[in-house]
Each structure stands twice: as C-alpha cells, then as structure tokens.
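Novice: Just dropping this structure here.
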Amino acid sequence: MLSLYQAILSQHSRQLTPVRCADQTIAQLHRYFEDVVLENNLAALVIESLSSKAERSQRTMEHILAIGRSARHAFFFVSPEDALNQLPLRRKEGVRELVLLPRPSQTSRQEHFVVIADARFSALLVSLRDDETEGEQSTGYEVVWTFEPDIVYSALEYLMARVTAERLSQTEEFSGAVRTCMPKATSLQLTVSVTTKLARLLQEQAAREVAVNRIASAIRSSLELPSILQTTVNEVGNALSAQHCALRVDGELDQSPTTKCYFRIGETGEPEQEELVNDLNAYHARLSRKHKSFVQDGRELANPHDEDEARPVAVVPLIYQLRFMGVLMVRSDDATRIWQDNELLLLGTVADQVAVAVNHARLFLQQQQLALTDSLTGCVNRRSFEMQLERDLRLATRMRQPVSLIMLDIDHFKRVNDTHGHDAGDAALRFLADVLRDELRGVDTAARYGGEEFAVILPQANLDGALIVAERLRTRLETTEIPSIGHITASFGIATFPLHANSRNQLVSTADRALYEAKHEGRNRVATPDGEERELSDEMFDIACETPLSESEAPAASPAV
C-alpha cells in the first residue's frame with residue numbers, strides 16, 4: 001500500500017508543493033496543528049502518526065492526553081515499542097480518550113502525519129523520509145500541508161482503507177468517527193493563524209541552519225579554539241533570539257577553563273558579564289555531576305518586571321566519548337518563554353560539534369607540541385629553538401632591545417654514560433632541563449640543541465644580565481647531587497645581539513665558539529666572546545636591521561673536547 005504522503009501527492013499534485021524540513025522541525029509543525037484543537041476547544045477528529053520513541057517526557061505525554069480529551073475523536077498510530085503505549089487510557093462514559101492503533105515497527109519508509117477534521121476547520125500535515133537515500137542517511141523530510149476540505153477528505157478515505165486492511169476490529173469505530181466529523185469548510189481565522197506560525201517556524205529553521213553551518217565552517221577552517229567558541233555563542237545567541245549565550249570549556253589538567261559570552265547589542269557591561277559567568281559556573285557544577293541537560297521554561301503568569309524571578313534558561317553539556325568537557329547555556333529575558341524541542345535539539349547539535357572541535361584542537365596542539373618538543377627533557381627541540389630565536393630577534397630589532405644567547409654543554413658526559421649507563425645519562429639530561437625551568441623567567445626559552453648541548457634564549461637581557469644567569473645555573477649544577485650519579489658540571493658560552501652578532505646564525509655561532517673556549521680553558525666555567533667590550537648603540541641596531549636575521553652563514557659546530 002502506498003503511504004499517505006504518496007497517495008495524497010499523486011491525487012493532488014497540482015495543489016500541493018513539498019517543502020524540505022529538518023528533523024527537529026517536524027515535531028514543532030505537529031505541535032502547531034495540535035494547538036489549533038487545544039487553544040480553540042475544537043470538537044474535531046484528530047488522527048496522528050508520530051516518530052516512534054521508546055522514551056517521552058512527562059510534558060509530552062500530558063500534552064497528548066490533553067489532545068485526546070479535547071478532541072471529539074483522537075486516533076494515534078503507534079509502533080509496539082513507543083512510550084505512548086504506556087499511557088493510562090481509560091474508557092469511561094462521558095470521558096473522551098484517544099485510541100491507539102498499532103502500526104508495524106519495521107518499515108522501509110518513515111511517515112508522520114496529523115489530520116484534523118470537523119465542520120468548521122480541516123487541516124492535513126504529512127511528511128515522509130526515506131531511511132536511506134542513495135546509500136546515505138537522509139537528513140530531513142519532504143512535507144506538505146493543506147487546509148482544503150477535499151484534500152483532507154482524500155486523506156480520510158485513505159486512512160479508512162488502511163485501518164480496514166490492517167485493523168479490521170477497529171474499522172467500525174474509526175469509520176464512525178470519520179462520518180461524524182466530515183470536513184465541510186475551513187475557518188479563515190484559524191487557517192491564517194496556523195499559516196503564520198508555519199511561516200515563522202520555517203524562517204527560524206532557516207536561521208538555525210545558517211547558524212549551524214557557520215559554526216561548522218568555523219570549525220573546519222580553523223583550529224583556533226577561542227575563535228571557534230566565540231563564533232558559536234554569537235551564532236546560537238542570534239539564532240535563538242536569546243538575551244545571553246555563554247560557553248565554558250574546561251582546561252586540561254591544571255589549565256584554566258575557557259569562557260566565551262554573547263550579549264544582545266547594548267546589554268553588555270562588567271556587572272552583567274560577571275553575573276552571567278557566575279550563573280554559567282553554577283550550571284557547570286550542576287551538569288558535571290549528572291551530564292544531563294537542564295531546561296527551565298518561563299511561566300504564563302510570570303511578572304516581566306520581577307528581577308528576582310528565575311529567567312528561562314537552557315543548558316546542555318559538552319560530552320565527548322563519555323567525557324564531560326563543559327556547558328553551553330542560553331538565557332532569555334522573555335519571562336513567558338517556553339523552550340521548543342527544535343531549539344533544544346539545536347543546542348544539543350551545537351554542543352556535540354563544539355565537543356568534537358575541542359577534542360580535535362587539543363589533539364592538534366598535542367601533535368604540534370610533540371613536533372616541537374624534545375621527548376626526553378621536555379625542552380623545545382632545535383627546530384622550535386630556531387623559530388623562537390628568529391621571533392625574539394625580530395622583536396628585539398623593532399624594540400631596540402638586546403637578546404642574549406647561552407649555549408651550555410654537560411662536562412664529560414661520555415664519562416657519565418660509560419660509568420653509570422645510558423639511563424643515568426638520560427637522568428642527568430632531565431635534571432639539567434629541570435634546573436633550567438626552575439631558574440629561568442617565563443619569557444626565556446630553554447632548548448635541547450643536540451646531544452648533551454642546550455641553548456637558552458634571554459630576551460631583553462644584555463651581556464651582564466646573561467652572565468648573572470649563566471653563573472647561577474653553573475653554581476646550581478655544581479652544588480646539587482643527582483641520585484646514583486653524584487655531581488655534574490657544565491660549561492657555558494654567551495653572545496649578545498647586536499653586540500656580538502647581527503643575525504641569528506652569527507649569534508649561535510658566536511655563543512658556540514665561546515662555549516668551546518670555556519671547555520678549552522678547563523670546563524665548569526662561563527665564557528664570552530673575545531675582544532674589547534663595547535656598549536650597545538643605536539648604530540648596532542641599524543646594522544642589524546640591514547642584515548637578514550636568518551642569513552645563510554651556518555653555525556660552527558662545537559669541536560669535540
């Protein structure tokens with residue numbers, strides 16, 4: 001048997017134009033048609049077929065019961081596993097209840113419809129989706145609706161034939177209901193009301209799709225997490241016409257969380273932002289325990305001028321592979337606002353996208369750190385050192401400030417390996433890296449240059465400052481005992497830009513030669529380039545500006561000592 005959608009479209013193809021709708025829009029379309037019956041107390045025939053769901057909210061169950069009690073006759077086609085089968089239906093004299101008509105749970109096509117018929121109003125909404133379209137999962141429904149009595153009558157004829165074929169025992173009851181509620185006319189007022197709602201819903205759907213697409217585009221085009229998160233709150237806030245939208249993503253390990261906020265134009269300020277962030281953190285603590293969305297609707301009798309009254313808010317968790325990563329929150333200043341299912345589905349969809357984006361950004365950062373970090377010591381590797389030195393020299397040239405470079409090498413490192421083993425040698429390298437991290441500033445860079453040789457970049461440090469740092473490092477190494485190894489020492493060579501060199505490669509080469517001199521003079525000492533010491537001058541920076549910082553002169557390798 002053809003589906004209702006196919007049957008109606010084949011008979012009235014000239015009068016009906018299918019519209020494609022997203023999944024989340026279908027439930028809202030049904031709700032608008034149902035509201036005509038509830039809000040206008042229509043003693044009409046209502047026939048529906050909904051998406052099969054094993055679980056339904058209490059609010060949804062009460063809504064469907066209300067339809068059954070308000071309508072003159074109500075029939076719902078349900079599959080065996082649908083939660084609607086759990087409704088407490090009782091057939092009492094003078095009490096109208098809906099009737100459940102079983103339908104097959106396994107069908108090749110998913111069909112949803114609602115039919116409303118009485119003497120002064122008739123309406124039909126029917127949608128169809130293929131489970132599979134050309135091998136890919138379908139992403140929406142083809143939908144048609146009408147208020148023409150003759151088309152609604154055609155739908156009723158089809159449904160009577162279907163009930164007769166599938167549920168013969170209920171044919172008489174169903175046919176009797178159709179005969180007593182035959183569509184005769186359509187109220188213009190009700191039709192305009194529903195049509196206006198449908199048009200607004202489709203506009204909102206288009207806005208939500210644009211928002212999701214923009215967020216997806218931001219995720220695809222960038223791995224900069226702060227930019228992605230700000231785009232997310234802006235698009236969600238605009239799409240849902242929210243007063244505020246906020247997003248919190250937890251930091252990894254001991255890192256601080258990242259928070260981004262959206263404020264409707266003209267409604268931002270420090271007190272408002274502080275209040276929003278406090279609320280966001282409170283909901284974060286609440287959802288982190290249960291990992292379930294929190295929805296607070298407005299109230300019909302709410303006082304919009306009562307600032308102490310709780311505002312409508314919807315909060316969804318960010319979950320990736322069962323791991324809680326943060327929360328997305330929207331808040332409305334409409335005290336009577338009811339969050340719709342499609343709006344909550346939008347929030348859930350965006351939250352899933354953001355969770356995936358956060359995970360990908362972190363994986364990228366980890367891979368980037370692995371590519372630029374020495375795995376044994378945790379210091380940056382030589383490639384990262386060269387890039388950082390280039391950046392620091394360019395900034396120093398613009399700011400006319402010095403940069404000093406320390407090259408250091410563990411003395412008699414081969415002896416440590418030969419005497420205590422390579423594991424002990426690795427422990428000595430890690431110990432030296434820890435000393436560097438403890439003694440250096442946050443703006444300084446420590447790198448493993450190669451083997452047992454390390455390099456330290458000291459931005460805004462002149463030669464005297466670099467000498468102080470190098471001597472402090474040398475003393476710390478000399479006086480600290482390493483378990484199972486004993487004491488180690490290191491030799492240090494220093495060069496300062498632009499005092500001793502006006503390019504990156506020259507600076508490295510000069511510091512390396514100074515290191516060689518320290519080794520040659522007996523080790524465990526600090527050496528600087530030979531020659532008469534000069535004061536830094538503007539002329540030196542001018543010469544550096546005229547010289548490419550990464551000129552091709554190769555750094556001289558340290559002679560084996």
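The chains in the structure tokens are called A, B, ... from first to last as shown; in each chain the residues are counted from 1, and the ligands are counted from 1 in the order shown.
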Just want the 10 Å neighbourhood of Arg382 of chain A, counted on only C-alpha atoms, with same-chain residues fewer than 4 positions away dropped. Output as a ChimeraX atom specification.
Specialist: /A:372-374,386-388,447-450,454-455
Novice: Please provide the set of residues having any atom within 7 Å of Gly493 of chain A, restricted to only C-alpha atoms, with same-chain residues fewer than 3 positions apart removed, written as a VMD selection string.
Specialist: chain A and resid 406 to 408 511 to 512 514 to 515 518 526 to 528
Novice: Output C-alpha atoms for every residue in that selection, as a tab-separated table (two decimals), in the first residue's frame.
Specialist:
chain	number	residue	atom	x	y	z
A	406	ILE	CA	73.62	30.97	26.31
A	407	MET	CA	74.97	27.73	24.88
A	408	LEU	CA	75.84	25.12	27.54
A	511	ALA	CA	77.92	31.67	21.52
A	512	ASP	CA	79.06	28.23	20.38
A	514	ALA	CA	82.50	30.97	23.47
A	515	LEU	CA	81.31	27.59	24.77
A	518	ALA	CA	85.03	27.58	28.22
A	526	VAL	CA	81.31	30.78	31.73
A	527	ALA	CA	82.97	32.39	28.71
A	528	THR	CA	82.13	35.36	26.49
Novice: In terms of the shortest atom-to-atom distance over only C-alpha atoms, which of A:Thr397, A:Thr232, A:Ser51, A:Ser256 is closest to Leu328 of chain A?
Specialist: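 For Leu328 of chain A, the nearest of the given residues is A:Thr232.
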Novice: By how many Å are atom CA of Ser127 of chain A and atom CA of Pro183 of chain A apart?
Specialist: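 So the answer is 20.9 Å.
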Novice: So that I can check the surroundings of Leu276 of chain A, please list as JSON, numbers by chain every protein, DNA and RNA residue that reaches within 9 Å of it, counting only C-alpha atoms and ignoring chain neighbours fewer than 5 positions away.
Specialist: {"A": [244, 245, 246, 261, 271, 281]}
Novice: If DSSP is run on the backbone, what residues of segment 36-221 of chain A are strand (DSSP E)? A reply as a PDB file with N, CA, C and O atoms, in the first residue's frame would be ideal.
Specialist:
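This went into part.pdb:
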ATOM      1  N   LEU A  45     -12.126  15.609  14.841  1.00  0.00           N
ATOM      2  CA  LEU A  45     -11.442  14.326  14.678  1.00  0.00           C
ATOM      3  C   LEU A  45      -9.953  14.626  14.488  1.00  0.00           C
ATOM      4  O   LEU A  45      -9.576  15.422  13.621  1.00  0.00           O
ATOM      5  N   VAL A  46      -9.087  13.994  15.309  1.00  0.00           N
ATOM      6  CA  VAL A  46      -7.642  14.161  15.199  1.00  0.00           C
ATOM      7  C   VAL A  46      -7.023  12.785  14.982  1.00  0.00           C
ATOM      8  O   VAL A  46      -7.250  11.863  15.779  1.00  0.00           O
ATOM      9  N   ILE A  47      -6.260  12.662  13.914  1.00  0.00           N
ATOM     10  CA  ILE A  47      -5.571  11.404  13.614  1.00  0.00           C
ATOM     11  C   ILE A  47      -4.087  11.732  13.441  1.00  0.00           C
ATOM     12  O   ILE A  47      -3.735  12.613  12.662  1.00  0.00           O
ATOM     13  N   GLU A  48      -3.232  11.016  14.167  1.00  0.00           N
ATOM     14  CA  GLU A  48      -1.800  11.324  14.096  1.00  0.00           C
ATOM     15  C   GLU A  48      -0.957  10.060  14.007  1.00  0.00           C
ATOM     16  O   GLU A  48      -1.339   8.988  14.487  1.00  0.00           O
ATOM     17  N   SER A  49       0.206  10.243  13.398  1.00  0.00           N
ATOM     18  CA  SER A  49       1.260   9.228  13.403  1.00  0.00           C
ATOM     19  C   SER A  49       2.562   9.961  13.688  1.00  0.00           C
ATOM     20  O   SER A  49       2.998  10.795  12.891  1.00  0.00           O
ATOM     21  N   HIS A  73     -12.859  12.954  18.701  1.00  0.00           N
ATOM     22  CA  HIS A  73     -12.281  11.624  18.494  1.00  0.00           C
ATOM     23  C   HIS A  73     -10.786  11.812  18.237  1.00  0.00           C
ATOM     24  O   HIS A  73     -10.395  12.719  17.509  1.00  0.00           O
ATOM     25  N   ALA A  74      -9.947  10.955  18.804  1.00  0.00           N
ATOM     26  CA  ALA A  74      -8.499  11.049  18.576  1.00  0.00           C
ATOM     27  C   ALA A  74      -7.930   9.651  18.389  1.00  0.00           C
ATOM     28  O   ALA A  74      -8.173   8.756  19.217  1.00  0.00           O
ATOM     29  N   PHE A  75      -7.205   9.472  17.298  1.00  0.00           N
ATOM     30  CA  PHE A  75      -6.570   8.187  16.980  1.00  0.00           C
ATOM     31  C   PHE A  75      -5.073   8.437  16.731  1.00  0.00           C
ATOM     32  O   PHE A  75      -4.712   9.321  15.952  1.00  0.00           O
ATOM     33  N   PHE A  76      -4.236   7.632  17.377  1.00  0.00           N
ATOM     34  CA  PHE A  76      -2.791   7.737  17.189  1.00  0.00           C
ATOM     35  C   PHE A  76      -2.249   6.392  16.712  1.00  0.00           C
ATOM     36  O   PHE A  76      -2.465   5.350  17.376  1.00  0.00           O
ATOM     37  N   PHE A  77      -1.562   6.399  15.564  1.00  0.00           N
ATOM     38  CA  PHE A  77      -0.863   5.207  15.087  1.00  0.00           C
ATOM     39  C   PHE A  77       0.484   5.123  15.820  1.00  0.00           C
ATOM     40  O   PHE A  77       1.292   6.062  15.754  1.00  0.00           O
ATOM     41  N   VAL A  78       0.717   4.015  16.526  1.00  0.00           N
ATOM     42  CA  VAL A  78       1.955   3.871  17.306  1.00  0.00           C
ATOM     43  C   VAL A  78       2.573   2.500  17.060  1.00  0.00           C
ATOM     44  O   VAL A  78       1.860   1.505  16.825  1.00  0.00           O
ATOM     45  N   VAL A  99      -7.424   6.868  21.055  1.00  0.00           N
ATOM     46  CA  VAL A  99      -7.359   5.451  20.710  1.00  0.00           C
ATOM     47  C   VAL A  99      -6.011   5.202  20.036  1.00  0.00           C
ATOM     48  O   VAL A  99      -5.617   5.946  19.132  1.00  0.00           O
ATOM     49  N   LEU A 100      -5.311   4.158  20.478  1.00  0.00           N
ATOM     50  CA  LEU A 100      -4.037   3.789  19.890  1.00  0.00           C
ATOM     51  C   LEU A 100      -4.247   2.704  18.846  1.00  0.00           C
ATOM     52  O   LEU A 100      -4.864   1.668  19.127  1.00  0.00           O
ATOM     53  N   LEU A 101      -3.747   2.952  17.648  1.00  0.00           N
ATOM     54  CA  LEU A 101      -3.829   1.991  16.555  1.00  0.00           C
ATOM     55  C   LEU A 101      -2.432   1.462  16.268  1.00  0.00           C
ATOM     56  O   LEU A 101      -1.541   2.229  15.884  1.00  0.00           O
ATOM     57  N   PRO A 102      -2.197   0.169  16.468  1.00  0.00           N
ATOM     58  CA  PRO A 102      -0.849  -0.377  16.243  1.00  0.00           C
ATOM     59  C   PRO A 102      -0.419  -0.227  14.774  1.00  0.00           C
ATOM     60  O   PRO A 102      -1.234  -0.323  13.855  1.00  0.00           O
ATOM     61  N   ARG A 109       9.993   3.046   5.082  1.00  0.00           N
ATOM     62  CA  ARG A 109       9.845   4.499   4.959  1.00  0.00           C
ATOM     63  C   ARG A 109       9.222   5.047   6.239  1.00  0.00           C
ATOM     64  O   ARG A 109       8.318   4.453   6.814  1.00  0.00           O
ATOM     65  N   GLN A 110       9.700   6.181   6.694  1.00  0.00           N
ATOM     66  CA  GLN A 110       9.174   6.804   7.900  1.00  0.00           C
ATOM     67  C   GLN A 110       8.170   7.882   7.503  1.00  0.00           C
ATOM     68  O   GLN A 110       8.515   8.805   6.783  1.00  0.00           O
ATOM     69  N   GLU A 111       6.965   7.743   8.032  1.00  0.00           N
ATOM     70  CA  GLU A 111       5.887   8.661   7.673  1.00  0.00           C
ATOM     71  C   GLU A 111       5.263   9.224   8.942  1.00  0.00           C
ATOM     72  O   GLU A 111       5.003   8.494   9.896  1.00  0.00           O
ATOM     73  N   HIS A 112       5.048  10.544   8.956  1.00  0.00           N
ATOM     74  CA  HIS A 112       4.390  11.209  10.074  1.00  0.00           C
ATOM     75  C   HIS A 112       3.257  12.059   9.516  1.00  0.00           C
ATOM     76  O   HIS A 112       3.411  12.680   8.461  1.00  0.00           O
ATOM     77  N   PHE A 113       2.141  12.086  10.223  1.00  0.00           N
ATOM     78  CA  PHE A 113       1.046  12.924   9.736  1.00  0.00           C
ATOM     79  C   PHE A 113       0.126  13.312  10.877  1.00  0.00           C
ATOM     80  O   PHE A 113       0.118  12.699  11.951  1.00  0.00           O
ATOM     81  N   VAL A 114      -0.619  14.398  10.650  1.00  0.00           N
ATOM     82  CA  VAL A 114      -1.689  14.799  11.538  1.00  0.00           C
ATOM     83  C   VAL A 114      -2.847  15.270  10.649  1.00  0.00           C
ATOM     84  O   VAL A 114      -2.653  16.042   9.707  1.00  0.00           O
ATOM     85  N   VAL A 115      -4.041  14.768  10.951  1.00  0.00           N
ATOM     86  CA  VAL A 115      -5.257  15.131  10.217  1.00  0.00           C
ATOM     87  C   VAL A 115      -6.258  15.684  11.224  1.00  0.00           C
ATOM     88  O   VAL A 115      -6.505  15.078  12.264  1.00  0.00           O
ATOM     89  N   ILE A 116      -6.830  16.849  10.917  1.00  0.00           N
ATOM     90  CA  ILE A 116      -7.838  17.471  11.776  1.00  0.00           C
ATOM     91  C   ILE A 116      -9.073  17.722  10.918  1.00  0.00           C
ATOM     92  O   ILE A 116      -8.968  18.308   9.831  1.00  0.00           O
ATOM     93  N   ALA A 117     -10.223  17.299  11.408  1.00  0.00           N
ATOM     94  CA  ALA A 117     -11.450  17.474  10.610  1.00  0.00           C
ATOM     95  C   ALA A 117     -12.640  17.719  11.515  1.00  0.00           C
ATOM     96  O   ALA A 117     -12.873  16.995  12.477  1.00  0.00           O
ATOM     97  N   SER A 122     -10.545  22.168   8.788  1.00  0.00           N
ATOM     98  CA  SER A 122      -9.900  20.944   8.330  1.00  0.00           C
ATOM     99  C   SER A 122      -8.440  21.258   8.005  1.00  0.00           C
ATOM    100  O   SER A 122      -8.126  22.338   7.507  1.00  0.00           O
ATOM    101  N   ALA A 123      -7.557  20.305   8.306  1.00  0.00           N
ATOM    102  CA  ALA A 123      -6.137  20.515   8.055  1.00  0.00           C
ATOM    103  C   ALA A 123      -5.444  19.175   7.902  1.00  0.00           C
ATOM    104  O   ALA A 123      -5.849  18.166   8.506  1.00  0.00           O
ATOM    105  N   LEU A 124      -4.399  19.182   7.095  1.00  0.00           N
ATOM    106  CA  LEU A 124      -3.605  17.980   6.873  1.00  0.00           C
ATOM    107  C   LEU A 124      -2.130  18.369   6.822  1.00  0.00           C
ATOM    108  O   LEU A 124      -1.742  19.305   6.112  1.00  0.00           O
ATOM    109  N   LEU A 125      -1.314  17.666   7.575  1.00  0.00           N
ATOM    110  CA  LEU A 125       0.145  17.798   7.530  1.00  0.00           C
ATOM    111  C   LEU A 125       0.699  16.388   7.415  1.00  0.00           C
ATOM    112  O   LEU A 125       0.419  15.531   8.255  1.00  0.00           O
ATOM    113  N   VAL A 126       1.498  16.128   6.381  1.00  0.00           N
ATOM    114  CA  VAL A 126       2.055  14.798   6.201  1.00  0.00           C
ATOM    115  C   VAL A 126       3.494  14.929   5.702  1.00  0.00           C
ATOM    116  O   VAL A 126       3.792  15.766   4.838  1.00  0.00           O
ATOM    117  N   SER A 127       4.374  14.135   6.283  1.00  0.00           N
ATOM    118  CA  SER A 127       5.792  14.180   5.912  1.00  0.00           C
ATOM    119  C   SER A 127       6.315  12.768   5.714  1.00  0.00           C
ATOM    120  O   SER A 127       5.785  11.799   6.280  1.00  0.00           O
ATOM    121  N   LEU A 128       7.349  12.655   4.917  1.00  0.00           N
ATOM    122  CA  LEU A 128       7.910  11.351   4.585  1.00  0.00           C
ATOM    123  C   LEU A 128       9.416  11.464   4.474  1.00  0.00           C
ATOM    124  O   LEU A 128       9.946  12.414   3.908  1.00  0.00           O
ATOM    125  N   ARG A 129      10.120  10.483   5.022  1.00  0.00           N
ATOM    126  CA  ARG A 129      11.572  10.422   4.887  1.00  0.00           C
ATOM    127  C   ARG A 129      11.982   8.999   4.574  1.00  0.00           C
ATOM    128  O   ARG A 129      11.505   8.050   5.197  1.00  0.00           O
ATOM    129  N   ASP A 130      12.916   8.846   3.618  1.00  0.00           N
ATOM    130  CA  ASP A 130      13.484   7.536   3.344  1.00  0.00           C
ATOM    131  C   ASP A 130      14.522   7.219   4.399  1.00  0.00           C
ATOM    132  O   ASP A 130      15.298   8.086   4.798  1.00  0.00           O
ATOM    133  N   GLU A 132      17.039   5.461   3.832  1.00  0.00           N
ATOM    134  CA  GLU A 132      18.296   5.618   3.117  1.00  0.00           C
ATOM    135  C   GLU A 132      18.013   6.264   1.782  1.00  0.00           C
ATOM    136  O   GLU A 132      17.042   5.932   1.105  1.00  0.00           O
ATOM    137  N   THR A 133      18.864   7.203   1.408  1.00  0.00           N
ATOM    138  CA  THR A 133      18.750   7.874   0.129  1.00  0.00           C
ATOM    139  C   THR A 133      20.084   7.748  -0.590  1.00  0.00           C
ATOM    140  O   THR A 133      21.077   8.332  -0.158  1.00  0.00           O
ATOM    141  N   GLU A 136      23.087   6.923   1.539  1.00  0.00           N
ATOM    142  CA  GLU A 136      23.451   7.811   2.631  1.00  0.00           C
ATOM    143  C   GLU A 136      22.231   8.080   3.501  1.00  0.00           C
ATOM    144  O   GLU A 136      21.105   8.101   3.033  1.00  0.00           O
ATOM    145  N   GLN A 137      22.482   8.318   4.769  1.00  0.00           N
ATOM    146  CA  GLN A 137      21.389   8.601   5.702  1.00  0.00           C
ATOM    147  C   GLN A 137      20.700   9.911   5.330  1.00  0.00           C
ATOM    148  O   GLN A 137      21.346  10.919   5.083  1.00  0.00           O
ATOM    149  N   GLY A 140      16.476  14.873   6.323  1.00  0.00           N
ATOM    150  CA  GLY A 140      15.273  15.658   6.523  1.00  0.00           C
ATOM    151  C   GLY A 140      14.046  14.986   5.936  1.00  0.00           C
ATOM    152  O   GLY A 140      14.082  13.845   5.477  1.00  0.00           O
ATOM    153  N   TYR A 141      12.934  15.720   5.950  1.00  0.00           N
ATOM    154  CA  TYR A 141      11.649  15.217   5.492  1.00  0.00           C
ATOM    155  C   TYR A 141      11.129  16.069   4.341  1.00  0.00           C
ATOM    156  O   TYR A 141      11.387  17.274   4.278  1.00  0.00           O
ATOM    157  N   GLU A 142      10.366  15.425   3.469  1.00  0.00           N
ATOM    158  CA  GLU A 142       9.561  16.143   2.496  1.00  0.00           C
ATOM    159  C   GLU A 142       8.177  16.311   3.123  1.00  0.00           C
ATOM    160  O   GLU A 142       7.552  15.343   3.537  1.00  0.00           O
ATOM    161  N   VAL A 143       7.706  17.554   3.203  1.00  0.00           N
ATOM    162  CA  VAL A 143       6.482  17.865   3.940  1.00  0.00           C
ATOM    163  C   VAL A 143       5.495  18.596   3.040  1.00  0.00           C
ATOM    164  O   VAL A 143       5.887  19.467   2.254  1.00  0.00           O
ATOM    165  N   VAL A 144       4.213  18.242   3.169  1.00  0.00           N
ATOM    166  CA  VAL A 144       3.145  19.019   2.536  1.00  0.00           C
ATOM    167  C   VAL A 144       2.067  19.272   3.587  1.00  0.00           C
ATOM    168  O   VAL A 144       1.875  18.469   4.500  1.00  0.00           O
ATOM    169  N   TRP A 145       1.394  20.394   3.471  1.00  0.00           N
ATOM    170  CA  TRP A 145       0.246  20.667   4.337  1.00  0.00           C
ATOM    171  C   TRP A 145      -0.809  21.430   3.552  1.00  0.00           C
ATOM    172  O   TRP A 145      -0.516  22.084   2.548  1.00  0.00           O
ATOM    173  N   THR A 146      -2.024  21.312   4.036  1.00  0.00           N
ATOM    174  CA  THR A 146      -3.138  21.970   3.351  1.00  0.00           C
ATOM    175  C   THR A 146      -4.300  22.142   4.320  1.00  0.00           C
ATOM    176  O   THR A 146      -4.378  21.451   5.347  1.00  0.00           O
TER     177      THR A 146
END
Novice: Please provide the set of residues having any atom within 8 Å of Arg56 of chain A, restricted to only C-alpha atoms, with same-chain residues fewer than 3 positions apart removed, written as number ranges by chain.
Specialist: A: 53, 60-61, 83-84
Novice: So which residues touch Ala282 of chain A within 12 Å, counting only C-alpha atoms, skipping near sequence neighbours fewer than 6 positions away, as a PyMOL selection string?
Specialist: chain A and resi 248+275-276+288-289+294+315+326-327+329
Novice: When DSSP is applied to the backbone of this structure, which of segment 92-298 of chain A are assigned helix (DSSP H, G or I)? Write them out as number ranges by chain.
Specialist: A: 149-166, 168-180, 188-221, 225-239, 270-290
Novice: Restricting the calculation to only C-alpha atoms: of A:Ser217, A:Gln296, A:Thr475, A:Thr336, which residue gets closest to Glu439 of chain A?
Specialist: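 Closest candidate: A:Thr475.
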Novice: State, in Å with one decimal place, the distance from atom CA of Ala466 of chain A to atom CA of Asp409 of chain A.
Specialist: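 Between atom CA of Ala466 of chain A and atom CA of Asp409 of chain A the gap is 16.1 Å.
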Novice: Using only C-alpha atoms, determine which residues lie at most 10 Å from segment 376-379 of chain A, disregarding the query and same-chain residues fewer than 4 positions distant; provide the list as a VMD selection string.
Specialist: chain A and resid 369 to 370 372 384 to 385 426 to 434 436 to 437 445 to 449 454 to 455
Novice: Using only C-alpha atoms for the distances, tell me which of A:Pro257, A:Pro459, A:Pro317, A:Gly425 is nearest to Val403 of chain A.
Specialist: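 Selected residue with least distance to Val403 of chain A: A:Pro459.
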